[in-house]
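Trainee: Structure: data_21.cif, mmCIF, C-alpha atoms.
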```
data_protein
#
loop_
_atom_site.label_atom_id
_atom_site.label_comp_id
_atom_site.auth_asym_id
_atom_site.auth_seq_id
_atom_site.Cartn_x
_atom_site.Cartn_y
_atom_site.Cartn_z
CA MET A 16 -177.29 -88.73 49.23
CA GLY A 17 -174.30 -90.20 50.96
CA ASP A 18 -172.61 -93.48 50.39
CA GLU A 19 -174.33 -95.08 53.34
CA GLY A 20 -177.58 -95.33 51.38
CA PRO A 21 -181.10 -94.67 52.60
CA GLY A 22 -182.02 -94.60 56.27
CA ARG A 23 -183.92 -97.47 57.81
CA LEU A 24 -187.21 -95.64 58.40
CA PRO A 25 -187.89 -95.01 54.70
CA LEU A 26 -187.00 -98.63 53.92
CA LEU A 27 -189.30 -99.86 56.69
CA PHE A 28 -192.13 -97.74 55.32
CA LEU A 29 -191.58 -99.05 51.80
CA SER A 30 -191.68 -102.72 52.84
CA PHE A 31 -194.70 -102.09 55.09
CA SER A 32 -196.68 -100.17 52.48
CA VAL A 33 -195.96 -102.53 49.58
CA GLN A 34 -197.02 -105.56 51.63
CA LEU A 35 -200.11 -103.63 52.75
CA THR A 36 -201.14 -102.94 49.15
CA MET A 37 -200.37 -106.52 48.07
CA ASP A 38 -202.78 -107.87 50.69
CA MET A 39 -205.44 -105.29 49.90
CA ILE A 40 -205.31 -106.32 46.25
CA ALA A 41 -205.22 -110.01 47.16
CA MET A 42 -208.50 -109.52 49.00
CA ALA A 43 -210.19 -107.16 46.56
CA ALA A 44 -209.32 -108.87 43.25
CA PRO A 45 -211.29 -112.11 43.84
CA LEU A 46 -214.30 -110.14 45.12
CA LEU A 47 -214.26 -107.88 42.08
CA ALA A 48 -213.89 -110.95 39.86
CA LEU A 49 -216.98 -112.49 41.47
CA SER A 50 -218.96 -109.30 40.82
CA LEU A 51 -217.90 -109.65 37.16
CA SER A 52 -219.34 -113.21 37.06
CA ALA A 53 -216.00 -115.02 37.15
CA SER A 54 -216.07 -118.82 37.10
CA PRO A 55 -214.32 -120.85 39.82
CA PHE A 56 -211.61 -121.68 37.26
CA GLU A 57 -211.05 -117.97 36.58
CA ILE A 58 -210.86 -117.28 40.32
CA GLY A 59 -208.16 -119.95 40.52
CA LEU A 60 -206.23 -118.40 37.65
CA LEU A 61 -206.47 -115.03 39.36
CA ALA A 62 -204.88 -116.53 42.47
CA THR A 63 -202.04 -118.27 40.61
CA SER A 64 -201.19 -115.77 37.86
CA ARG A 65 -199.17 -113.50 40.14
CA GLY A 66 -197.49 -116.51 41.75
CA ILE A 67 -196.33 -117.88 38.39
CA VAL A 68 -194.46 -114.65 37.69
CA TYR A 69 -193.13 -114.51 41.24
CA GLY A 70 -191.80 -118.04 41.07
CA ILE A 71 -189.62 -117.24 38.05
CA LEU A 72 -188.60 -113.59 37.75
CA PRO A 73 -186.97 -112.93 41.17
CA PHE A 74 -184.03 -115.19 40.25
CA ALA A 75 -183.20 -112.87 37.34
CA MET A 76 -184.19 -109.63 39.06
CA GLY A 77 -181.89 -110.36 41.99
CA ARG A 78 -178.92 -110.61 39.63
CA ILE A 79 -179.96 -107.43 37.85
CA SER A 80 -180.25 -105.51 41.13
CA ASP A 81 -176.55 -106.21 41.80
CA ARG A 82 -175.60 -104.51 38.54
CA ALA A 83 -178.27 -101.94 37.72
CA ASP A 84 -179.29 -98.64 39.28
CA ARG A 85 -181.34 -99.61 42.33
CA ARG A 86 -183.20 -96.31 42.32
CA PHE A 87 -184.33 -97.04 38.77
CA LEU A 88 -185.42 -100.58 39.67
CA LEU A 89 -187.39 -99.55 42.74
CA ALA A 90 -188.97 -96.62 40.90
CA SER A 91 -189.87 -98.91 38.00
CA SER A 92 -191.51 -101.41 40.35
CA MET A 93 -193.70 -98.73 41.92
CA SER A 94 -194.56 -97.22 38.53
CA ILE A 95 -195.66 -100.65 37.30
CA TYR A 96 -197.61 -101.19 40.51
CA ALA A 97 -199.44 -97.88 40.12
CA VAL A 98 -200.36 -98.75 36.53
CA ALA A 99 -201.52 -102.24 37.56
CA ALA A 100 -203.67 -100.78 40.37
CA ILE A 101 -205.48 -98.33 38.10
CA LEU A 102 -205.97 -101.05 35.48
CA PHE A 103 -207.49 -103.28 38.17
CA HIS A 104 -209.86 -100.43 39.04
CA LEU A 105 -210.89 -99.96 35.40
CA SER A 106 -211.17 -103.66 34.50
CA ARG A 107 -214.46 -104.92 33.08
CA SER A 108 -213.90 -108.69 32.86
CA PRO A 109 -212.22 -111.50 34.84
CA ILE A 110 -209.75 -112.07 31.99
CA GLU A 111 -208.54 -108.48 32.33
CA LEU A 112 -208.05 -108.97 36.07
CA ILE A 113 -205.99 -112.11 35.42
CA ALA A 114 -203.80 -110.28 32.90
CA PHE A 115 -203.24 -107.35 35.26
CA ARG A 116 -202.27 -109.76 38.05
CA PHE A 117 -199.30 -110.79 35.90
CA LEU A 118 -198.33 -107.11 35.80
CA GLU A 119 -198.55 -106.90 39.58
CA GLY A 120 -196.33 -109.99 39.79
CA LEU A 121 -193.73 -108.21 37.65
CA ALA A 122 -193.76 -105.22 40.01
CA ILE A 123 -193.17 -107.22 43.19
CA SER A 124 -190.62 -109.45 41.46
CA ILE A 125 -188.55 -106.31 40.92
CA PHE A 126 -189.26 -104.70 44.29
CA TRP A 127 -188.42 -107.36 46.89
CA PRO A 128 -185.05 -108.62 45.52
CA THR A 129 -183.98 -104.99 45.18
CA ILE A 130 -184.97 -103.67 48.61
CA GLU A 131 -183.79 -106.64 50.70
CA PRO A 132 -180.07 -106.00 50.00
CA LEU A 133 -180.57 -102.42 51.20
CA PHE A 134 -181.70 -103.77 54.57
CA ALA A 135 -178.72 -106.11 54.71
CA GLU A 136 -176.40 -103.15 54.10
CA ALA A 137 -178.20 -100.66 56.37
CA ARG A 138 -176.39 -101.63 59.59
CA GLY A 139 -173.10 -102.77 58.19
CA GLN A 140 -172.33 -106.18 59.64
CA ASN A 141 -175.38 -106.30 61.95
CA VAL A 142 -177.64 -108.07 59.47
CA SER A 143 -179.81 -109.71 62.15
CA ARG A 144 -181.13 -106.48 63.64
CA SER A 145 -181.71 -104.88 60.28
CA LEU A 146 -183.59 -107.88 58.90
CA ARG A 147 -185.65 -108.08 62.08
CA GLY A 148 -186.96 -104.60 61.29
CA PHE A 149 -187.66 -105.67 57.71
CA ASN A 150 -189.59 -108.74 58.84
CA LEU A 151 -191.61 -106.75 61.37
CA SER A 152 -192.50 -104.05 58.83
CA TRP A 153 -193.85 -106.34 56.12
CA GLY A 154 -195.44 -108.58 58.75
CA LEU A 155 -197.41 -105.61 60.09
CA GLY A 156 -198.47 -104.71 56.56
CA GLN A 157 -199.72 -108.25 56.03
CA ILE A 158 -201.87 -108.03 59.16
CA LEU A 159 -203.39 -104.62 58.38
CA GLY A 160 -203.81 -105.05 54.61
CA PRO A 161 -206.82 -107.41 54.64
CA PHE A 162 -208.58 -105.38 57.35
CA LEU A 163 -208.06 -102.12 55.51
CA GLY A 164 -209.12 -103.72 52.24
CA GLY A 165 -212.22 -105.17 53.85
CA ALA A 166 -213.16 -101.84 55.40
CA LEU A 167 -212.80 -100.03 52.06
CA ILE A 168 -214.82 -102.69 50.22
CA THR A 169 -217.60 -102.51 52.83
CA ALA A 170 -217.74 -98.72 52.69
CA PHE A 171 -217.03 -97.93 49.04
CA GLY A 172 -217.20 -101.14 47.00
CA ALA A 173 -214.79 -103.75 45.59
CA ARG A 174 -212.93 -101.29 43.34
CA SER A 175 -211.95 -98.85 46.08
CA PRO A 176 -208.80 -100.65 47.41
CA PHE A 177 -207.19 -100.35 43.98
CA LEU A 178 -207.39 -96.55 44.09
CA LEU A 179 -205.68 -96.48 47.49
CA ALA A 180 -203.06 -98.94 46.20
CA MET A 181 -202.36 -96.61 43.28
CA LEU A 182 -201.96 -93.61 45.60
CA ILE A 183 -199.61 -95.55 47.89
CA ALA A 184 -197.51 -96.66 44.90
CA ILE A 185 -197.23 -93.05 43.69
CA ALA A 186 -196.22 -91.89 47.19
CA ASN A 187 -193.64 -94.67 47.35
CA LEU A 188 -192.31 -93.63 43.95
CA ALA A 189 -191.73 -90.08 45.24
CA LEU A 190 -190.04 -91.45 48.37
CA ILE A 191 -187.80 -93.76 46.33
CA LEU A 192 -186.63 -90.96 44.06
CA ARG A 193 -185.68 -89.02 47.18
CA ILE A 194 -183.91 -91.66 49.28
CA ALA A 195 -182.88 -94.71 47.22
CA PRO A 196 -179.21 -95.06 46.20
CA ALA A 197 -178.55 -94.20 42.57
CA LYS A 198 -175.98 -96.99 42.24
CA PRO A 199 -175.77 -100.52 43.68
CA ALA A 200 -173.38 -101.09 46.55
CA GLN A 201 -169.93 -101.95 45.21
CA TRP A 202 -168.86 -105.10 47.04
CA GLY A 203 -166.75 -106.34 44.17
CA GLY A 204 -166.61 -109.74 42.56
CA ASN A 205 -168.25 -111.19 39.48
CA PRO A 206 -171.70 -112.75 39.40
CA GLY A 207 -171.54 -116.54 39.52
CA ARG A 208 -173.98 -119.33 38.84
CA LEU A 209 -176.79 -120.24 41.22
CA ILE A 210 -175.04 -123.27 42.66
CA GLU A 211 -171.41 -122.25 42.39
CA GLY A 212 -170.82 -119.55 44.98
CA GLY A 213 -174.55 -119.33 45.67
CA PRO A 214 -176.58 -120.07 48.79
CA PRO A 215 -176.49 -123.60 50.25
CA LEU A 216 -179.04 -125.84 48.55
CA SER A 217 -180.36 -126.78 51.99
CA LEU A 218 -181.55 -123.18 52.45
CA VAL A 219 -183.11 -123.09 48.98
CA PHE A 220 -185.07 -126.28 49.64
CA ALA A 221 -186.03 -125.11 53.13
CA ASN A 222 -187.33 -121.85 51.71
CA ALA A 223 -189.35 -123.60 48.99
CA THR A 224 -190.82 -125.92 51.64
CA LEU A 225 -191.70 -122.90 53.78
CA GLY A 226 -193.49 -121.31 50.82
CA ALA A 227 -195.43 -124.52 50.23
CA ILE A 228 -196.42 -124.82 53.91
CA LEU A 229 -197.60 -121.21 54.13
CA SER A 230 -199.54 -121.34 50.87
CA ILE A 231 -201.27 -124.57 51.92
CA PHE A 232 -202.19 -123.08 55.29
CA PHE A 233 -203.68 -119.88 53.86
CA ALA A 234 -205.38 -121.67 50.96
CA PHE A 235 -207.15 -124.33 53.04
CA PHE A 236 -207.48 -123.04 56.60
CA PRO A 237 -210.48 -120.69 56.09
CA ALA A 238 -212.59 -123.45 54.51
CA PHE A 239 -211.39 -125.99 57.07
CA GLY A 240 -212.32 -123.67 59.95
CA VAL A 241 -215.85 -123.21 58.63
CA ARG A 242 -216.19 -126.97 58.05
CA VAL A 243 -215.38 -127.75 61.69
CA GLY A 244 -217.98 -125.22 62.89
CA PHE A 245 -216.05 -121.99 63.38
CA SER A 246 -217.76 -118.74 62.40
CA ALA A 247 -216.18 -116.52 59.78
CA LEU A 248 -215.34 -114.08 62.57
CA GLU A 249 -213.48 -116.76 64.51
CA VAL A 250 -211.60 -117.87 61.41
CA GLY A 251 -210.59 -114.25 60.83
CA SER A 252 -209.53 -113.96 64.46
CA LEU A 253 -207.35 -117.05 64.11
CA LEU A 254 -205.67 -115.55 61.05
CA LEU A 255 -205.10 -112.38 63.06
CA LEU A 256 -203.59 -114.53 65.83
CA PHE A 257 -201.33 -116.10 63.20
CA GLY A 258 -200.13 -112.64 62.15
CA ILE A 259 -199.57 -111.39 65.71
CA THR A 260 -197.64 -114.54 66.60
CA ARG A 261 -195.50 -114.07 63.50
CA LEU A 262 -194.61 -110.51 64.54
CA ALA A 263 -193.70 -111.65 68.05
CA PHE A 264 -191.37 -114.36 66.77
CA PHE A 265 -189.86 -112.12 64.10
CA HIS A 266 -188.89 -109.81 66.96
CA ALA A 267 -187.48 -112.66 69.04
CA ALA A 268 -185.81 -114.56 66.18
CA PRO A 269 -182.27 -113.05 66.52
CA SER A 270 -182.05 -114.30 70.10
CA ILE A 271 -183.33 -117.83 69.38
CA GLY A 272 -180.33 -120.03 68.68
CA ILE A 273 -181.90 -123.32 67.59
CA GLY A 274 -181.00 -124.85 64.23
CA LEU A 275 -183.12 -125.25 61.13
CA GLU A 276 -184.36 -128.81 61.81
CA PRO A 277 -186.07 -127.99 65.14
CA ARG A 278 -187.80 -125.02 63.51
CA VAL A 279 -189.14 -127.22 60.73
CA GLY A 280 -190.15 -129.87 63.27
CA LEU A 281 -192.15 -127.27 65.19
CA ALA A 282 -194.02 -126.40 61.98
CA SER A 283 -194.80 -130.06 61.29
CA LEU A 284 -196.12 -130.50 64.83
CA GLY A 285 -198.37 -127.46 64.50
CA LEU A 286 -199.74 -128.66 61.17
CA ILE A 287 -200.53 -132.11 62.63
CA LEU A 288 -202.50 -130.54 65.49
CA ILE A 289 -204.84 -128.58 63.22
CA PRO A 290 -206.67 -131.57 61.63
CA ILE A 291 -207.54 -132.98 65.07
CA GLY A 292 -210.47 -130.58 64.91
CA ASP A 293 -210.63 -129.81 68.62
CA ARG A 294 -210.71 -126.07 69.31
CA ALA A 295 -207.71 -126.15 71.66
CA ALA A 296 -205.69 -128.24 69.19
CA ILE A 297 -206.53 -125.91 66.31
CA TYR A 298 -205.56 -122.79 68.25
CA SER A 299 -202.33 -124.44 69.41
CA GLY A 300 -201.59 -125.62 65.88
CA VAL A 301 -202.07 -122.14 64.41
CA VAL A 302 -199.73 -120.58 66.99
CA LEU A 303 -197.05 -123.26 66.56
CA THR A 304 -197.23 -123.10 62.76
CA SER A 305 -196.94 -119.31 62.77
CA ALA A 306 -194.06 -119.31 65.26
CA ALA A 307 -192.15 -121.96 63.32
CA ALA A 308 -192.73 -120.31 59.94
CA SER A 309 -191.40 -117.03 61.31
CA LEU A 310 -188.31 -118.71 62.71
CA ILE A 311 -187.62 -120.58 59.46
CA TYR A 312 -188.08 -117.39 57.42
CA ALA A 313 -185.76 -115.37 59.68
CA TYR A 314 -183.12 -118.13 59.68
CA SER A 315 -183.21 -118.50 55.91
CA ILE A 316 -183.15 -114.85 54.84
CA GLU A 317 -180.37 -113.92 57.28
CA ARG A 318 -178.09 -116.71 56.11
CA MET A 319 -178.80 -116.11 52.45
CA LEU A 320 -177.96 -112.43 52.79
CA ARG A 321 -174.82 -113.27 54.75
CA ALA A 322 -173.77 -115.99 52.35
CA GLU A 323 -172.06 -113.82 49.79
CA LYS A 324 -172.06 -110.07 50.31
CA GLY A 325 -170.70 -109.41 46.87
CA HIS A 326 -174.00 -110.54 45.40
CA LEU A 327 -176.72 -109.56 47.85
CA GLY A 328 -179.27 -108.95 45.11
CA ARG A 329 -178.71 -112.39 43.65
CA MET A 330 -179.16 -113.97 47.07
CA ALA A 331 -182.35 -111.98 47.65
CA GLY A 332 -183.59 -113.14 44.24
CA VAL A 333 -182.95 -116.78 45.10
CA PHE A 334 -184.67 -116.28 48.46
CA GLU A 335 -187.80 -114.74 46.94
CA GLY A 336 -187.85 -117.05 43.91
CA SER A 337 -187.62 -120.22 46.00
CA LEU A 338 -190.47 -118.94 48.18
CA GLY A 339 -192.46 -118.29 45.01
CA ILE A 340 -191.91 -121.84 43.77
CA GLY A 341 -193.30 -123.11 47.07
CA PHE A 342 -196.28 -120.76 46.85
CA ILE A 343 -197.18 -122.22 43.45
CA SER A 344 -196.53 -125.90 44.15
CA GLY A 345 -197.94 -126.15 47.68
CA PRO A 346 -201.67 -125.70 46.95
CA LEU A 347 -201.40 -127.85 43.82
CA LEU A 348 -199.86 -130.72 45.78
CA ALA A 349 -202.24 -130.43 48.73
CA GLY A 350 -205.22 -129.94 46.43
CA ALA A 351 -204.57 -133.34 44.88
CA PHE A 352 -205.28 -134.93 48.30
CA ALA A 353 -207.82 -132.45 49.65
CA GLY A 354 -210.60 -134.34 47.88
CA LEU A 355 -210.28 -136.83 50.74
CA GLY A 356 -211.00 -133.99 53.17
CA PHE A 357 -209.54 -130.60 54.02
CA SER A 358 -207.61 -132.23 56.87
CA MET A 359 -205.42 -133.98 54.30
CA ALA A 360 -204.00 -130.64 53.14
CA PHE A 361 -202.45 -130.00 56.57
CA LEU A 362 -201.14 -133.55 56.79
CA VAL A 363 -199.47 -133.09 53.39
CA ALA A 364 -197.90 -129.83 54.61
CA SER A 365 -196.68 -131.57 57.78
CA LEU A 366 -195.23 -134.41 55.71
CA LEU A 367 -193.31 -131.88 53.61
CA GLY A 368 -191.67 -130.66 56.81
CA VAL A 369 -190.75 -134.20 57.86
CA ILE A 370 -189.26 -134.91 54.43
CA LEU A 371 -187.20 -131.71 54.68
CA ILE A 372 -185.87 -132.72 58.12
CA LEU A 373 -184.82 -136.11 56.76
CA ALA A 374 -183.20 -134.49 53.72
CA LEU A 375 -181.30 -132.01 55.90
CA GLY A 376 -180.06 -134.84 58.11
CA LEU A 377 -178.92 -136.85 55.09
CA HIS A 378 -177.23 -133.77 53.64
CA LYS A 379 -175.26 -133.21 56.85
CA ARG A 380 -174.29 -136.87 57.06
CA LEU A 381 -173.03 -136.92 53.49
CA GLY A 382 -171.17 -133.67 54.12
CA ARG A 383 -169.39 -135.10 57.15
CA ARG A 384 -168.52 -138.24 55.21
CA ALA A 385 -167.08 -136.19 52.34
CA ALA A 386 -165.05 -134.12 54.78
CA ARG A 387 -163.61 -137.18 56.56
CA PRO A 388 -159.94 -137.68 55.56
CA CYS A 389 -159.15 -140.82 53.61
CA SER A 390 -157.01 -143.51 55.20
CA PRO A 391 -153.43 -143.40 53.99
CA SER A 392 -152.40 -146.12 51.60
CA ALA A 393 -150.30 -148.95 52.88
#
```
Could you express the structure from this file as C-alpha cells?

Mentor:
Amino acid sequence: MGDEGPGRLPLLFLSFSVQLTMDMIAMAAPLLALSLSASPFEIGLLATSRGIVYGILPFAMGRISDRADRRFLLASSMSIYAVAAILFHLSRSPIELIAFRFLEGLAISIFWPTIEPLFAEARGQNVSRSLRGFNLSWGLGQILGPFLGGALITAFGARSPFLLAMLIAIANLALILRIAPAKPAQWGGNPGRLIEGGPPLSLVFANATLGAILSIFFAFFPAFGVRVGFSALEVGSLLLLFGITRLAFFHAAPSIGIGLEPRVGLASLGLILIPIGDRAAIYSGVVLTSAAASLIYAYSIERMLRAEKGHLGRMAGVFEGSLGIGFISGPLLAGAFAGLGFSMAFLVASLLGVILILALGLHKRLGRRAARPCSPSA
C-alpha cells in the first residue's frame, strides 16, 4: 500500500456498511428485548447504554488514532462488532442485551474517530468534497438499515439481523486488513489539550446541540405522529423523507455558503412547525429540520477536520464525542417536559437552537471586543 492511503470507494463502503448495521441492530435489539419480556425500564437502558459509551470514549479514541496503527484500530473495531453481533444473537435475557450494547458502543467509538481522518486526508486539501462523500455514504446506510432490518425480522425473526451484522463486520475486517494504512498519517506536532489548540468551543457546543436536537426528534416523533392521527406507514414515510432530505442537503452542503447561525435558526423553525399538528406544517417541519441538521453537521465536521491537521483523529474524536453527549442529554431533557405533551419535546429542541444562536452571537461579540485595540494612555 502506498503512502496515499486507501482509496475512497473502500472507505465509502466501510462508512455505509457500519451505519447500515448500526441501524439494523438499533431496530432489532428492542424487538428482541420485548420478546424476552423486557420491562419498559430495561428497554430504556438498552437505548441509552450504547450512547453512554459513545458520549465518553470517542474523545480518547480520537487521540489514540493519531498515534496508533489505524489498521489495528479499525480491525479491532470490526472484530468487537462481530463478537457483539453474535452475542446479541445468542442472548437469552434483556440484561445480556444491555451488556452487549456497551460492547457495540466500544466498537463504534473506535471506528468513527479513526475512519473520519482518512476521509479528510483522501483528497489532500479538498476536505469538502471528500467529507461530502462520507456524509452521503453513512446517510444512505441510515436510510436502508431500518428497512433491511425490518424485512429480515418479518421474514426470519428478531434475531436474524444480528447474523447479517456479524457477516458484514467480518467482511469489513477483511477489507480493512487489505486497504487500511498500517501507520497514522505523519502531520507532525504534539497532541495538545482539548481547549488549547483544539476546535473552537462554538463548534463543540453546536455539535452537542445538534446531537440533542436529532435524538429528541427520533425519540419523540414516531409517538407524536401516531398521537396526531398518522398511521405507522405515514410516520415511516416521514422518517424516510427525513433521510432523503438529509442526503440531498449533504450533497449540496459544500456549495451553500451561509453561516452557522442561519443553519441553526432553520432547525429551530422546523421544530416549531411540527407541534402545530397540521399535516402540511408537520411535513414542512420535518423537511426543514432534516435540511438544517444536515447543514449544521456538514459545517461542523468540515471545520473540525480543517482546524488542526496535525491532530485529525483528536478532532474527529471531539466531533463524535460531542455528538454523543447531545444524544444522551437531549431525550433526558425533553423527557422531563414531555409529560405535558409530546409537543413540548419539539419546543424544547427548538429552544435549544435559539439558546445556541444567542450564545454564538454573544461569543462573537466578546471576541470582537477582545480583539479591539486599547486606547493609548495619555

Trainee: State, in Å with one decimal place, the distance from CA of Glu131 (chain A) to CA of Phe233 (chain A).

Mentor: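 For CA of Glu131 (chain A) relative to CA of Phe233 (chain A), the distance reads 24.1 Å.
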
Trainee: Specify as a PyMOL selection string each residue included when the PyMOL selection byres ((chain A and resi 97-108) around 8) is applied to this file.

Mentor: chain A and resi 44+48+51+53+93-96+109-112+115-116+118-119+174-175+177-178+180-182+184-185

Trainee: Quick check, in Å to one decimal: how far apart do CA of Leu190 (chain A) and CA of Leu155 (chain A) lie?

Mentor: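 According to the coordinates, CA of Leu190 (chain A) and CA of Leu155 (chain A) are separated by 19.8 Å.
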
Trainee: Care to translate the PyMOL selection byres ((chain A and resi 255) around 12) into actual residues of this file, as number ranges by chain?

Mentor: A: 154-155, 157-162, 233, 248-254, 256-262, 298, 301-302, 305

Trainee: I need the residue nearest Ile370 (chain A) from this list: A:Val279, A:Ile287, A:Ile316, A:Ile40. Use all atoms listed in the file for the distance.

Mentor: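 Closest candidate: A:Val279.
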